[in-house]
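Right, one structure below, let's go through it.
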Amino acid sequence: MIGGRKMYSEKVMDHFSNPRNVGEIENASGIGTVGNAKCGDIMRIYLDIDDNQIIRDCKFKTFGCGAAVATSSMATELVKGKSIQEAMQITNKAVTEALDGLPPVKVHCSLLAEEAIHAALWDYAEKHDIQIEGLKKPKSDVHEGEEDREEY
Amino acid sequence: MDNNKEKSFIYLDNAATTKTAPEVVEAMIPYFTKLYGNPSSIYELASSSKRAVAESRETIAHTIGADVNEIYFTAGGSESDNWALIATAEAYESKGKHIITSKIEHHAILHTCEYLQKRGFEISYINVDENGVLKLNELEKAIRPDTILISVMFANNEIGTIQPIKEIGEIAKKHNVLFHTDAVQAFGQLPINVDEYKIDMMSASGHKLNGPKGIGFLYVRKGIKIRSFIHGGGQERSRRAGTENVPGIVGLAKAAERAVNTMQSRAEKETELRDYLIEKVLKEIPHVRLNGDQAMRLPNNINISFRFVEGESLLIMLDMEGICGSSGSACTSGSLDPSHVLLAIGLPHEIAHGSLRLTLSEENTKEEMDIVLEKVKIIVEKLRKMSPLYEDFMKA
């Protein structure tokens with residue numbers, strides 16, 4: 001393994017050690033879960049969206065490496081307080097840049113974070129029978145666990 | 001040199017590499033500074049190097065009950081593994097092209113097997129049970145008239161499981177098949193006698209037993225056809241060319257001697273610390289699992305999976321607390337799959353991703369184990385609070 005602290009920027013380490021917006025939202029407007037346990041990265045984003053289609057609050061949960069935690073944390077920061085349309089503009093590139101870059105082998109984590117936002121927005125759109133411009137059905141559905149293994 | 005500074009970290013990754021012991025460094029230094037002659041040269045200065053290499057070879061042979069002429073120095077365990085497999089394949093391919101190994105070998109063995117597969121050899125990979133112990137009846141069944149080699153590691157580097165080497169040696173002997181063992185993790189930690197275990201070839205590496213990096217050896221039983229691996233000058237009885245790494249060889253021998261002399265006391269101390277920490281973690285942290293055999297286990301190996309959390313995150317947080325460990329998660333292996341060893345013992349992917357390997361040394365203390373326990377508790381709790389898997393589990 002390549003050294004954690006040397007591999008990651010200070011911003012990534014900050015978001016990893018002090019992640020913003022960890023948690024859940026009860027009765028969330030939209031929830032999106034992407035990734036799967038097989039690859040070792042799962043991200044879940046909760047959105048609370050008001051009547052003006054502004055993202056009032058945003059929370060996340062992540063199972064994954066340092067980059068996975070940091071990108072999902074940064075993603076919540078970037079969409080919080082934004083309109084749905086503005087949130088749709090946020091790309092994995094924006095997340096990566098906001099973190100002062102990611103090692104090439106970790107760029108896919110930023111893609112997952114972008115997908116998580118979209119998945120949450122898709123869920124919101126479905127629940128409220130709304131069409132969001134540019135939003136397609138999320139491609140990765142979470143593999144809901146493997147067959148029941150022994151509890152321990 | 002500042003020896004007064006307290007070490008500010010707790011090193012628990014001795015399976016990856018170990019600190020070179022001071023007496024080993026001391027033994028090596030003259031061969032850098034004063035006695036730097038090339039052992040092949042004719043003059044007086046060189047005779048000290050030549051002698052040092054010969055004495056080192058004798059020391060090493062003695063540690064495993066081998067003959068001096070059966071020890072070949074290499075640049076480390078990976079080279080020894082490559083050499084053993086490839087040289088055997090080439091030397092015996094007229095007899096057969098089938099090789100048997102296990103699913104939990106080190107990549108130096110597995111990738112060399114893949115290399116041989118591309119060159120027309122057939123490889124059988126024998127399964128292990130849920131504790132990582134090789135399935136002996138499967139091994140025996142896999143042997144064919146064209147089997148030329150069985151290669152099974154002495155003890156596994158990730159989960160610490162010690163293999164039934166005696167039984168494997170007997171099976172190999174019974175069927176007249178050569179038996180190689182990658183003893184890189186076991187040499188220096190467990191007593192090994194090549195006759196007792198009917199071992200025909202054995203790989204070992206210096207930096208796993210407080211020796212220097214970049215040096216190891218391959219033991220090859222007399223009578224086994226072993227072709228040259230690195231061609232060139234006549235060193236190592238013309239089997240492995242290259243001016244001898246005299247300081248490395250001297251260091252390796254010193255480390256081996258030291259390891260054998262201290263083996264029992266180290267094993268006792270390490271086993272105690274190991275079991276202490278394992279017991280505490282299993283008792284005080286929920287949803288954990290010990291990986292590897294409880295009893296047939298390297299004295300210093302701890303490998304535990306923490307459900308709902310991921311290994312790299314665990315390691316980074318431990319690093320921030322000054323604790324050095326390793327993991328079987330995909331992120332740490334740089335691939336999409338977690339450790340092949342953890343998958344081979346039947347762990348689901350997400351459990352394998354959440355594994356932590358701590359391998360201690362005789363220098364660790366009980367206080368350090370207590371510190372590690374506390375930090376791991378806090379870190380696992382923090383990561384679980386962040387985990388969607390934990391959230392789903394708690395809601396179910």
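Each chain in the structure tokens gets a letter, A, B, ..., in the order shown, and its residues are numbered from 1; ligands are numbered from 1 in order too.
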
Looking only at the backbone, which of the residues in segment 14-76 of chain A does DSSP tag as helix (DSSP H, G or I), as a list in words?
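Output for segment 14-76 of chain A, helix (DSSP H, G or I) only: Asp14, His15, Phe16, Ser17, Gly66, Ala67, Ala68, Val69, Ala70, Thr71, Ser72, Ser73, Met74, Ala75 and Thr76 of chain A.
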
Just N, CA and C atoms for this one: save the residues we selected as a compact mmCIF listing (two decimals), in the first residue's frame.
# COMPACT_ATOMS: atom_id res chain seq x y z
N ASP A 14 -8.19 16.25 5.34
CA ASP A 14 -9.08 17.00 6.21
C ASP A 14 -10.51 16.45 6.12
N HIS A 15 -10.97 16.26 4.89
CA HIS A 15 -12.33 15.73 4.72
C HIS A 15 -12.44 14.29 5.21
N PHE A 16 -11.34 13.60 5.20
CA PHE A 16 -11.37 12.23 5.69
C PHE A 16 -11.45 12.22 7.22
N SER A 17 -10.59 13.02 7.87
CA SER A 17 -10.58 13.00 9.33
C SER A 17 -11.74 13.78 9.94
N GLY A 66 -10.11 6.22 2.03
CA GLY A 66 -9.95 7.63 2.34
C GLY A 66 -10.53 8.53 1.27
N ALA A 67 -10.27 8.21 0.01
CA ALA A 67 -10.79 9.03 -1.09
C ALA A 67 -12.30 8.95 -1.17
N ALA A 68 -12.85 7.77 -0.89
CA ALA A 68 -14.31 7.61 -0.94
C ALA A 68 -14.97 8.50 0.11
N VAL A 69 -14.43 8.50 1.31
CA VAL A 69 -15.00 9.33 2.37
C VAL A 69 -14.86 10.81 2.00
N ALA A 70 -13.67 11.19 1.56
CA ALA A 70 -13.42 12.60 1.26
C ALA A 70 -14.29 13.10 0.10
N THR A 71 -14.43 12.31 -0.94
CA THR A 71 -15.21 12.77 -2.09
C THR A 71 -16.69 12.88 -1.73
N SER A 72 -17.20 11.95 -0.97
CA SER A 72 -18.61 12.06 -0.61
C SER A 72 -18.84 13.23 0.36
N SER A 73 -17.90 13.44 1.27
CA SER A 73 -18.01 14.60 2.17
C SER A 73 -18.00 15.90 1.36
N MET A 74 -17.07 16.02 0.44
CA MET A 74 -16.97 17.23 -0.38
C MET A 74 -18.21 17.40 -1.24
N ALA A 75 -18.72 16.30 -1.76
CA ALA A 75 -19.92 16.37 -2.60
C ALA A 75 -21.07 16.98 -1.81
N THR A 76 -21.25 16.59 -0.55
CA THR A 76 -22.34 17.14 0.24
C THR A 76 -22.14 18.64 0.46

Proximity check chain B to chain A, 9 Å, nearest pairs one decimal Å, only C-alpha atoms, as a Markdown table:
| residue | atom | partner | partner_atom | distance |
| --- | --- | --- | --- | --- |
| B:Pro286 | CA | A:Tyr152 | CA | 7.6 |
| B:His287 | CA | A:Tyr152 | CA | 5.0 |
| B:Val288 | CA | A:Tyr152 | CA | 6.3 |
| B:Arg289 | CA | A:Tyr152 | CA | 6.8 |
| B:Arg307 | CA | A:Tyr152 | CA | 8.6 |
| B:Phe308 | CA | A:Phe63 | CA | 7.1 |
| B:Val309 | CA | A:Phe63 | CA | 6.1 |
| B:Glu310 | CA | A:Gly64 | CA | 5.3 |
| B:Gly311 | CA | A:Cys65 | CA | 7.2 |
| B:Glu312 | CA | A:Cys65 | CA | 5.1 |
| B:Ser313 | CA | A:Cys65 | CA | 4.8 |
| B:Leu314 | CA | A:Cys65 | CA | 8.4 |
| B:Leu315 | CA | A:Gly4 | CA | 8.0 |
| B:Ile316 | CA | A:Gly4 | CA | 5.7 |
| B:Met317 | CA | A:Ser17 | CA | 7.7 |
| B:Asp319 | CA | A:Gly4 | CA | 7.9 |
| B:Met320 | CA | A:Arg5 | CA | 8.4 |
| B:Ser326 | CA | A:Met1 | CA | 8.0 |
| B:Ser327 | CA | A:Met1 | CA | 8.7 |
| B:Ser329 | CA | A:Gly40 | CA | 7.5 |
| B:Ala330 | CA | A:Gly40 | CA | 6.9 |
| B:Cys331 | CA | A:Cys65 | CA | 6.7 |
| B:Thr332 | CA | A:Met1 | CA | 4.8 |
| B:Ser333 | CA | A:Met1 | CA | 6.3 |
| B:Gly334 | CA | A:Met1 | CA | 7.5 |
| B:Leu336 | CA | A:Cys39 | CA | 5.6 |
| B:Asp337 | CA | A:Cys39 | CA | 6.5 |
| B:Pro338 | CA | A:Cys39 | CA | 8.0 |
| B:Pro348 | CA | A:Glu146 | CA | 7.2 |
| B:His349 | CA | A:Lys38 | CA | 5.1 |
| B:Glu350 | CA | A:Ala37 | CA | 5.0 |
| B:Ile351 | CA | A:Ala37 | CA | 8.7 |
| B:His353 | CA | A:Gly40 | CA | 6.1 |
| B:Gly354 | CA | A:Gly40 | CA | 8.7 |
| B:Leu383 | CA | A:Phe63 | CA | 8.0 |
| B:Arg384 | CA | A:Phe63 | CA | 8.4 |
| B:Lys385 | CA | A:Gly23 | CA | 7.8 |
| B:Met386 | CA | A:Lys61 | CA | 4.9 |
| B:Ser387 | CA | A:Phe63 | CA | 5.0 |
| B:Pro388 | CA | A:Lys61 | CA | 5.2 |
| B:Leu389 | CA | A:Phe63 | CA | 7.1 |
| B:Tyr390 | CA | A:Phe63 | CA | 9.0 |
| B:Glu391 | CA | A:Lys61 | CA | 8.5 |

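Atom CA of Trp83 of chain B to atom CA of Phe229 of chain B spans 6.1 Å [interatomic distance, one decimal].
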
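Of the residues listed (B:Thr74, B:Val341, B:Leu35, B:Phe121), B:Thr74 shows the shortest atom-to-atom separation from Gly242 of chain B; distances use only C-alpha atoms.
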
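One distance worth recording is that between atom CA of Ile192 of chain B and atom CA of Ile64 of chain B, which is 5.4 Å.
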